[in-house]
Amino acid sequence: MKGTLLDNDFAAKLSHVLSKRASPDYGDPSRFFANTFPTEGLKELLSNICGRLSGRGGAVSAVFRLDTSFGGGKTHGLIALVHAARSAAEVANIAEFVSPELLPTGHIRIAAFDGEDADPANGRPMGDGIRAHTPWGEIAYQLAGKAGYEIVRRSDEERIAPGADTIAELFGTDPVLIVLDEMSDYLRRVQHMEGRDQLTAFLKALFTAAEGSPRAAVVYTLALRNDGKGIDAFAEENEFIAKSMEELESVSGRKAANLNPTKDDETASVIRRRLFASIDDERAEEVIQAYHALWVRAGDKLPEFAKRSSTVDDFRRAYPFHPDVLNTLTDKTATLTNFQRVRGMLRILARTVGDVWAHRPKDASAIHLHHIDLGVELTRREFTTRLQQGAFIPAINNDIAGSGGKNALAQDLDDKNFKGLLPYASYVARTAFLHTLAFNNDLKGAHPDHLRFSIMGPEAEADFVDDARTKFRQDSAYLDDRPGAPMRFTAEANLTQIIAREERNVEAGEARPELDDRIRQIFGGSTFDLVMNPGMPGDIPDDLADGKPRLAVMSYDVFGVGANIAAVPDLIVKLYERKGSEGSGLRALRNNLVFLLPDESQIVDMKRAVARLIALRTLKAPDRLKDLSEHQRQKVIELQSRSEHSVAVTIQQCFRHILYPSRNGIGDGTVTLAHAVIDIQNASEKPGAGQLQVSRQLRLQNKLRDATDEPDSPSYIRDRTPLKKGQITAQALRDEFRRDPALPILLSDDVFVKAVRKGVEEGTYIYQREGLLAGPGDPIPSIVIDEQSVISTMDFAKAKGLWPRHASAAKKQEPDEVVHGPGPGGFGGPGGGGVPDPEGEDVDEDDDDEIGENVKRFVFEGILKEALRRVFEAAKAAKIDRIDKVVVRVFEHGDAFKLIPVAGSIAGAKKTISLSGEFETTDGSTMEFEFKGSSAEASSVREYFERQFKAASEATLNASLGFDFEPALSLDGDATEKFIEKLTRFASATAYVEAIAEVK
């Protein structure tokens, strides 16, 4: 099998056979009959006509009518008739079709009229310079050549039907076969030429002449249903001819014999004979029984007819085609007015057989509907072009089989959910589509049980079919979304598509505040003090506040990390280690700070979920809801409610990465932050309780303690903290848990109190407060956490004579060198080991530019990438379409020096760099400077200043980068995004950004 197919392989034309121009499949009698199944109708046709022509058929009618549906085998039957009359002796298997005794011998005169080829106005070329305008003109020439045409020339040219005697004269004495095909097409052409009455007159004369000639036969075709109604594009003409024939029969008393060359129950045999040279029936039976056993086992999941023995019989007749293939094509597709029943099936199934043969899918023990692959262009055209179902092209491209290298929904679902398995989603989509193609709405589509029956097989499991169906229905843009509707496609987009269109209309500037508020709601709470989108150390206070640890949720516009973080990002290092607006001080309470970062793979889904929420909220508004159907209104309300939950879930699934203080830091460990990931399942639980998920993960890392937990061992706390020196205040020791990354984060003072009590009970600590002394064996007093409460090690207490109690009572001395906690200025008390908090300087941000009435300013302070996006979004929301100038003021000198060369690479703008500041060298020398110039000039002095600032003992720098765009920077398209990406590629600076636009 080559798996190749030409369009004319199934495009039979009687005129081509008569003129010997047909392809071998139709023109060669032996090959034609070898590929043809001997249907009962075809055998009846050949027996009647051949018997009439040979004179050995008994008393049979001279006129025969072929009633067939469109593509039902009528042309095939006429070709068989011509070959039998002309060349039967050459056909080896002719006895399958007609008794050899009935075959005519000698010369048979054959004439055929095909209405498709007729040209009533100009005349159809016949030969000898003759052009025939009518059926009688064409028949006369074919029966008797030029001389015959001369007999009816005047009738032909004047379009007046000849009489019966004239036609009988053309017959002569030889057997005559007259074939009339597609008369309705001819009738349509002559409807304005008074052709109807003349055609009726001609047929009456022709039938009379044939009845008077014992070895003459006339065969004509009509495309009618069983109820006499026309079914193709020429329905009205076919019905007119049928009515005219009835009137002729009633007048003459002679009735034409009605024949049908292919009955519905023979279609499977015709298809099999035409497409396959041979089928191994023994092996086929094994496959059929395997399917039958499967249908029996899954009976409760399948339609009732799957259990009937007749279904097995249908399969046996149709094999290798699954019974649902031919049933769907004959019962549904064939109801479309332009579907050629047998010929159309042959074209579609021949392409499918070739495709299955080429690709050998694992489930091809039988050929199913889902093997008709709409991703194959020629197969797709059979439906969109030949069947004129082009309205479904968007549905095919979007849902079933994409084009131009873009996947459709079903293909994406297969890649995501069924990789390594059968393409179940594509199978579901193809099957549902083929069940959609029907004229009557009640026939369109397939219910779940029918879908299972159609797709199931020894290699295809029902559970996977159901899973694919559920997923496909949920996301399809073109399935009928009405409650209770079977799986069927519509040409118009469904609610899914309407929502998607609304989602695309949601601007980033509208979605961002919504998303930020949702994140704030989810990760706010009583466990941690929430800090949103910090961009500089000063955004995270380094104080006790209300005593809760701080949770810093990083901006999704700046960060996106993967499952494995090789090193702590630079900005996180700065936030974790530094404090103050300029980051000039060292952060003391590092064990009081946890970072939460977004997962780069989930950011898009999170943004999409928020856009969907906004879209559904918009559609739920009364003025929009009224435009939807009732079932769509209910669905919008339901989906909007569910989207609230979905947004919470996607946010928590995105913000999964925790960086927390630990001795075992990421990478080389120089930064004392470890990495933990909240798994997807946990992130999806209790949507809205973000702090709960963070707490749970930190507890799994043994990093978090609350009032219900047991404390660390007193000896570990003693050896890990300044208490190892002998003595410390209770406040200072409590604050060590906020300072030292090696210690747990305490959510409650209760667990600290437990540790102190346990230490006293075990004899590891001595507790003192205002003359009160408690040690092992004493009733434990209430532990107060303040500067008046002192905790000593047992060794220290013994050395100082504080314990046993009689020694302390004799000496009556106060403890010395006690470690105190933080005062108002930070950690710096005696022995505290803290770092002084230097006075910061307020930075004046004077703007000398005159801001006129026609100038708009947009400013934002934060991480550079986020700040740039915010000002551009704000400008766009204010209906500004272009930005004339952008000024970036950077707070850190390291960031400024990184940005200077980057600024030089920005095209389409005049760059101005302004630098001013001072530094003091290690030798005490000082230098003040001010620079303003181009980016090229700034790059030339950058290296000098960068070296000096790195070596300086103290330094301050004010830096700004100005970009005057020529022409102005467009806010449409991707120009702003390219500007942002280029400027922030090598630096994650914290900056003040100002965008200026002149309003024309």
# chains A, B, ... in the order shown; residues from 1 in each chain; ligands from 1
$ residues_around --residues "Ser970 (chain A)" --least-positions-apart "6" --cutoff "8 Å" --atoms "only C-alpha atoms" --output "ChimeraX atom specification"
/A:881-883,976
$ residues_around --residues "region 605-618 of chain A" --least-positions-apart "4" --cutoff "7 Å" --atoms "only C-alpha atoms" --output "VMD selection string"
chain A and resid 499 502 to 503 506 511 515 636 640 643 to 644 646 to 647 650 to 651 654
$ write_last_selection --atoms "N, CA, C and O atoms" --output "compact mmCIF listing (two decimals), in the first residue's frame"
# COMPACT_ATOMS: atom_id res chain seq x y z
N ILE A 499 -14.98 35.02 27.29
CA ILE A 499 -14.17 35.36 28.47
C ILE A 499 -12.74 35.63 28.06
O ILE A 499 -12.10 36.59 28.53
N GLU A 502 -12.38 39.00 26.64
CA GLU A 502 -12.45 40.02 27.69
C GLU A 502 -11.13 40.07 28.47
O GLU A 502 -10.67 41.15 28.86
N GLU A 503 -10.52 38.90 28.66
CA GLU A 503 -9.23 38.85 29.36
C GLU A 503 -8.18 39.65 28.60
O GLU A 503 -7.34 40.34 29.19
N VAL A 506 -7.98 43.36 29.34
CA VAL A 506 -7.56 43.82 30.67
C VAL A 506 -6.14 44.39 30.56
O VAL A 506 -5.20 43.69 30.19
N ALA A 511 -4.68 45.40 36.08
CA ALA A 511 -4.49 44.13 36.78
C ALA A 511 -3.51 44.25 37.94
O ALA A 511 -3.66 43.56 38.95
N LEU A 515 -3.87 42.64 41.66
CA LEU A 515 -2.99 41.55 42.07
C LEU A 515 -2.24 41.91 43.34
O LEU A 515 -2.13 41.09 44.27
N VAL A 636 -21.35 32.54 34.08
CA VAL A 636 -20.48 33.66 34.42
C VAL A 636 -20.48 33.89 35.93
O VAL A 636 -19.42 34.09 36.55
N GLN A 640 -17.20 33.43 38.10
CA GLN A 640 -16.65 34.57 38.83
C GLN A 640 -16.42 34.23 40.28
O GLN A 640 -15.41 34.59 40.88
N SER A 643 -13.42 32.00 40.42
CA SER A 643 -12.16 32.67 40.09
C SER A 643 -11.53 33.33 41.31
O SER A 643 -10.31 33.50 41.37
N GLU A 644 -12.36 33.74 42.27
CA GLU A 644 -11.81 34.28 43.52
C GLU A 644 -10.91 33.24 44.19
O GLU A 644 -9.80 33.54 44.62
N SER A 646 -9.58 30.66 42.65
CA SER A 646 -8.49 30.35 41.73
C SER A 646 -7.35 31.34 41.86
O SER A 646 -6.17 30.97 41.83
N VAL A 647 -7.67 32.62 42.00
CA VAL A 647 -6.63 33.65 42.15
C VAL A 647 -5.82 33.39 43.42
O VAL A 647 -4.58 33.45 43.41
N THR A 650 -3.50 30.40 42.76
CA THR A 650 -2.37 30.67 41.87
C THR A 650 -1.35 31.60 42.53
O THR A 650 -0.14 31.47 42.29
N ILE A 651 -1.81 32.53 43.35
CA ILE A 651 -0.87 33.40 44.07
C ILE A 651 -0.01 32.57 45.01
O ILE A 651 1.22 32.72 45.07
N CYS A 654 2.43 30.53 43.22
CA CYS A 654 3.53 31.33 42.67
C CYS A 654 4.54 31.70 43.75
O CYS A 654 5.74 31.52 43.57
$ residues_around --residues "Ile49 (chain A)" --least-positions-apart "5" --cutoff "10 Å" --atoms "only C-alpha atoms" --output "PyMOL selection string"
chain A and resi 44+54-55+57+60-64+81+84-85+102-104+177+215-219
$ residues_around --residues "Asn441 (chain A)" --least-positions-apart "6" --cutoff "12 Å" --atoms "only C-alpha atoms" --output "mmCIF file with N, CA and C atoms, in the first residue's frame"
data_model
loop_
_atom_site.group_PDB
_atom_site.id
_atom_site.type_symbol
_atom_site.label_atom_id
_atom_site.label_comp_id
_atom_site.auth_asym_id
_atom_site.auth_seq_id
_atom_site.Cartn_x
_atom_site.Cartn_y
_atom_site.Cartn_z
ATOM 1 N N LYS A 332 -25.277 10.523 9.761
ATOM 2 C CA LYS A 332 -25.149 11.946 10.104
ATOM 3 C C LYS A 332 -24.576 12.754 8.940
ATOM 4 N N THR A 335 -26.511 13.336 5.754
ATOM 5 C CA THR A 335 -27.688 14.210 5.746
ATOM 6 C C THR A 335 -27.340 15.607 5.244
ATOM 7 N N LEU A 336 -26.038 15.934 5.154
ATOM 8 C CA LEU A 336 -25.636 17.208 4.574
ATOM 9 C C LEU A 336 -25.940 17.172 3.078
ATOM 10 N N HIS A 435 -19.073 13.863 14.636
ATOM 11 C CA HIS A 435 -20.466 13.668 15.056
ATOM 12 C C HIS A 435 -21.271 14.968 14.951
ATOM 13 N N ASP A 480 -20.396 23.383 22.161
ATOM 14 C CA ASP A 480 -21.691 23.844 22.639
ATOM 15 C C ASP A 480 -21.673 23.798 24.173
ATOM 16 N N ALA A 485 -26.089 19.593 26.712
ATOM 17 C CA ALA A 485 -25.817 19.417 25.278
ATOM 18 C C ALA A 485 -24.769 18.330 25.092
ATOM 19 N N PRO A 486 -24.906 17.508 24.034
ATOM 20 C CA PRO A 486 -23.850 16.527 23.746
ATOM 21 C C PRO A 486 -22.586 17.248 23.311
ATOM 22 N N ARG A 488 -20.543 18.661 20.897
ATOM 23 C CA ARG A 488 -20.646 19.062 19.499
ATOM 24 C C ARG A 488 -20.102 20.476 19.373
ATOM 25 N N PHE A 489 -19.600 20.754 18.200
ATOM 26 C CA PHE A 489 -18.986 22.048 17.965
ATOM 27 C C PHE A 489 -20.001 23.036 17.395
ATOM 28 N N THR A 490 -19.730 24.304 17.660
ATOM 29 C CA THR A 490 -20.499 25.384 17.052
ATOM 30 C C THR A 490 -19.549 26.250 16.241
#
$ residues_around --residues "Ala676 (chain A)" --least-positions-apart "5" --cutoff "10 Å" --atoms "only C-alpha atoms" --output "list in words"
Ala563, Asn564, Ile565, Leu596, Arg656, His657, Ile658, Leu659, Tyr660, Val694, Gln697, Leu698, Leu700 and Gln701 of chain A
$ write_last_selection --atoms "N, CA and C atoms" --output "mmCIF file, in the first residue's frame"
data_model
loop_
_atom_site.group_PDB
_atom_site.id
_atom_site.type_symbol
_atom_site.label_atom_id
_atom_site.label_comp_id
_atom_site.auth_asym_id
_atom_site.auth_seq_id
_atom_site.Cartn_x
_atom_site.Cartn_y
_atom_site.Cartn_z
ATOM 1 N N ALA A 563 13.447 26.292 40.710
ATOM 2 C CA ALA A 563 13.422 25.352 41.831
ATOM 3 C C ALA A 563 14.737 25.359 42.592
ATOM 4 N N ASN A 564 15.825 25.602 41.878
ATOM 5 C CA ASN A 564 17.148 25.603 42.518
ATOM 6 C C ASN A 564 17.765 26.989 42.407
ATOM 7 N N ILE A 565 18.083 27.563 43.552
ATOM 8 C CA ILE A 565 18.719 28.886 43.579
ATOM 9 C C ILE A 565 20.192 28.680 43.919
ATOM 10 N N LEU A 596 9.993 36.039 50.826
ATOM 11 C CA LEU A 596 9.137 35.173 50.016
ATOM 12 C C LEU A 596 9.244 35.620 48.558
ATOM 13 N N ARG A 656 6.211 30.638 46.370
ATOM 14 C CA ARG A 656 6.523 29.368 47.030
ATOM 15 C C ARG A 656 7.947 29.311 47.583
ATOM 16 N N HIS A 657 8.776 30.249 47.182
ATOM 17 C CA HIS A 657 10.195 30.170 47.539
ATOM 18 C C HIS A 657 10.482 31.031 48.762
ATOM 19 N N ILE A 658 10.993 30.384 49.808
ATOM 20 C CA ILE A 658 11.294 31.069 51.071
ATOM 21 C C ILE A 658 12.806 31.118 51.256
ATOM 22 N N LEU A 659 13.315 32.299 51.525
ATOM 23 C CA LEU A 659 14.716 32.461 51.952
ATOM 24 C C LEU A 659 14.670 32.848 53.424
ATOM 25 N N TYR A 660 15.265 32.021 54.255
ATOM 26 C CA TYR A 660 15.180 32.248 55.699
ATOM 27 C C TYR A 660 16.577 32.184 56.312
ATOM 28 N N VAL A 694 3.661 29.603 54.856
ATOM 29 C CA VAL A 694 5.043 29.987 55.165
ATOM 30 C C VAL A 694 5.445 29.417 56.523
ATOM 31 N N GLN A 697 6.064 25.654 56.365
ATOM 32 C CA GLN A 697 7.329 25.275 55.736
ATOM 33 C C GLN A 697 8.514 25.566 56.655
ATOM 34 N N LEU A 698 8.473 26.689 57.359
ATOM 35 C CA LEU A 698 9.571 27.017 58.272
ATOM 36 C C LEU A 698 9.606 26.037 59.446
ATOM 37 N N LEU A 700 8.760 22.915 59.157
ATOM 38 C CA LEU A 700 9.368 21.705 58.596
ATOM 39 C C LEU A 700 10.890 21.810 58.556
ATOM 40 N N GLN A 701 11.385 23.041 58.414
ATOM 41 C CA GLN A 701 12.841 23.266 58.415
ATOM 42 C C GLN A 701 13.385 23.432 59.835
#
$ select_by_dssp --residues "region 738-816 of chain A" --states "strand (DSSP E or B)" --output "PyMOL selection string"
chain A and resi 745-746+765-769+772-774+789-793
$ residues_around --residues "Leu170 (chain A)" --least-positions-apart "4" --cutoff "8 Å" --atoms "only C-alpha atoms" --output "ChimeraX atom specification"
/A:140,143-144,148,166
$ residues_around --residues "Pro549 (chain A)" --least-positions-apart "5" --cutoff "10 Å" --atoms "only C-alpha atoms" --output "PDB file with N, CA, C and O atoms, in the first residue's frame"
ATOM      1  N   THR A 527       0.825  36.418  62.169  1.00  0.00           N
ATOM      2  CA  THR A 527       2.073  35.709  62.472  1.00  0.00           C
ATOM      3  C   THR A 527       3.282  36.552  62.128  1.00  0.00           C
ATOM      4  O   THR A 527       4.240  36.648  62.905  1.00  0.00           O
ATOM      5  N   PHE A 528       3.272  37.172  60.946  1.00  0.00           N
ATOM      6  CA  PHE A 528       4.386  37.980  60.470  1.00  0.00           C
ATOM      7  C   PHE A 528       3.907  39.413  60.240  1.00  0.00           C
ATOM      8  O   PHE A 528       2.733  39.664  59.950  1.00  0.00           O
ATOM      9  N   ASP A 529       4.869  40.336  60.310  1.00  0.00           N
ATOM     10  CA  ASP A 529       4.627  41.713  59.922  1.00  0.00           C
ATOM     11  C   ASP A 529       4.971  41.805  58.435  1.00  0.00           C
ATOM     12  O   ASP A 529       6.127  41.622  58.046  1.00  0.00           O
ATOM     13  N   LEU A 530       3.969  42.036  57.574  1.00  0.00           N
ATOM     14  CA  LEU A 530       4.144  41.979  56.126  1.00  0.00           C
ATOM     15  C   LEU A 530       4.817  43.240  55.592  1.00  0.00           C
ATOM     16  O   LEU A 530       4.440  44.356  55.927  1.00  0.00           O
ATOM     17  N   ASP A 543      13.761  47.038  63.606  1.00  0.00           N
ATOM     18  CA  ASP A 543      13.370  47.268  64.991  1.00  0.00           C
ATOM     19  C   ASP A 543      12.403  46.178  65.420  1.00  0.00           C
ATOM     20  O   ASP A 543      12.005  45.325  64.637  1.00  0.00           O
ATOM     21  N   LEU A 544      12.024  46.229  66.682  1.00  0.00           N
ATOM     22  CA  LEU A 544      11.153  45.191  67.224  1.00  0.00           C
ATOM     23  C   LEU A 544       9.699  45.408  66.871  1.00  0.00           C
ATOM     24  O   LEU A 544       8.931  44.433  66.791  1.00  0.00           O
ATOM     25  N   LEU A 589      18.814  42.811  63.290  1.00  0.00           N
ATOM     26  CA  LEU A 589      17.810  41.772  63.537  1.00  0.00           C
ATOM     27  C   LEU A 589      17.599  40.898  62.295  1.00  0.00           C
ATOM     28  O   LEU A 589      16.508  40.817  61.730  1.00  0.00           O
ATOM     29  N   ARG A 590      18.665  40.222  61.878  1.00  0.00           N
ATOM     30  CA  ARG A 590      18.587  39.424  60.646  1.00  0.00           C
ATOM     31  C   ARG A 590      17.752  38.156  60.832  1.00  0.00           C
ATOM     32  O   ARG A 590      17.150  37.667  59.884  1.00  0.00           O
ATOM     33  N   ASN A 591      17.742  37.626  62.044  1.00  0.00           N
ATOM     34  CA  ASN A 591      16.954  36.410  62.282  1.00  0.00           C
ATOM     35  C   ASN A 591      15.478  36.727  62.493  1.00  0.00           C
ATOM     36  O   ASN A 591      14.701  35.860  62.852  1.00  0.00           O
ATOM     37  N   ASN A 592      15.146  37.971  62.256  1.00  0.00           N
ATOM     38  CA  ASN A 592      13.762  38.425  62.396  1.00  0.00           C
ATOM     39  C   ASN A 592      13.132  38.681  61.021  1.00  0.00           C
ATOM     40  O   ASN A 592      12.068  39.256  60.932  1.00  0.00           O
ATOM     41  N   LEU A 593      13.802  38.232  59.942  1.00  0.00           N
ATOM     42  CA  LEU A 593      13.398  38.596  58.588  1.00  0.00           C
ATOM     43  C   LEU A 593      13.379  37.363  57.678  1.00  0.00           C
ATOM     44  O   LEU A 593      14.356  36.619  57.586  1.00  0.00           O
ATOM     45  N   VAL A 594      12.251  37.165  57.005  1.00  0.00           N
ATOM     46  CA  VAL A 594      12.078  36.054  56.063  1.00  0.00           C
ATOM     47  C   VAL A 594      11.641  36.648  54.724  1.00  0.00           C
ATOM     48  O   VAL A 594      10.816  37.572  54.686  1.00  0.00           O
ATOM     49  N   ARG A 738      16.442  37.112  67.652  1.00  0.00           N
ATOM     50  CA  ARG A 738      16.107  37.942  66.490  1.00  0.00           C
ATOM     51  C   ARG A 738      17.355  38.305  65.685  1.00  0.00           C
ATOM     52  O   ARG A 738      17.230  38.830  64.579  1.00  0.00           O
ATOM     53  N   ILE A 745      13.446  31.105  64.900  1.00  0.00           N
ATOM     54  CA  ILE A 745      12.615  32.316  65.012  1.00  0.00           C
ATOM     55  C   ILE A 745      11.488  32.002  65.987  1.00  0.00           C
ATOM     56  O   ILE A 745      10.781  31.000  65.842  1.00  0.00           O
ATOM     57  N   LEU A 746      11.333  32.852  67.006  1.00  0.00           N
ATOM     58  CA  LEU A 746      10.319  32.632  68.024  1.00  0.00           C
ATOM     59  C   LEU A 746       9.108  33.502  67.736  1.00  0.00           C
ATOM     60  O   LEU A 746       9.210  34.724  67.667  1.00  0.00           O
ATOM     61  N   LEU A 747       7.972  32.841  67.526  1.00  0.00           N
ATOM     62  CA  LEU A 747       6.737  33.581  67.280  1.00  0.00           C
ATOM     63  C   LEU A 747       6.098  34.070  68.568  1.00  0.00           C
ATOM     64  O   LEU A 747       5.224  34.927  68.541  1.00  0.00           O
TER      65      LEU A 747
END
$ closest_residue --among "A:Thr926, A:Asn398, A:Asn702, A:Gln634" --to "Ser662 (chain A)" --atoms "only C-alpha atoms"
A:Asn702
$ closest_residue --among "A:Lys978, A:Arg347, A:Arg317, A:Lys620" --to "Phe383 (chain A)" --atoms "only C-alpha atoms"
A:Arg347
$ select_by_dssp --residues "region 668-804 of chain A" --states "helix (DSSP H, G or I)" --output "number ranges by chain"
A: 680-684, 690-700, 714-720, 722-725, 730-739, 749-762, 794-799
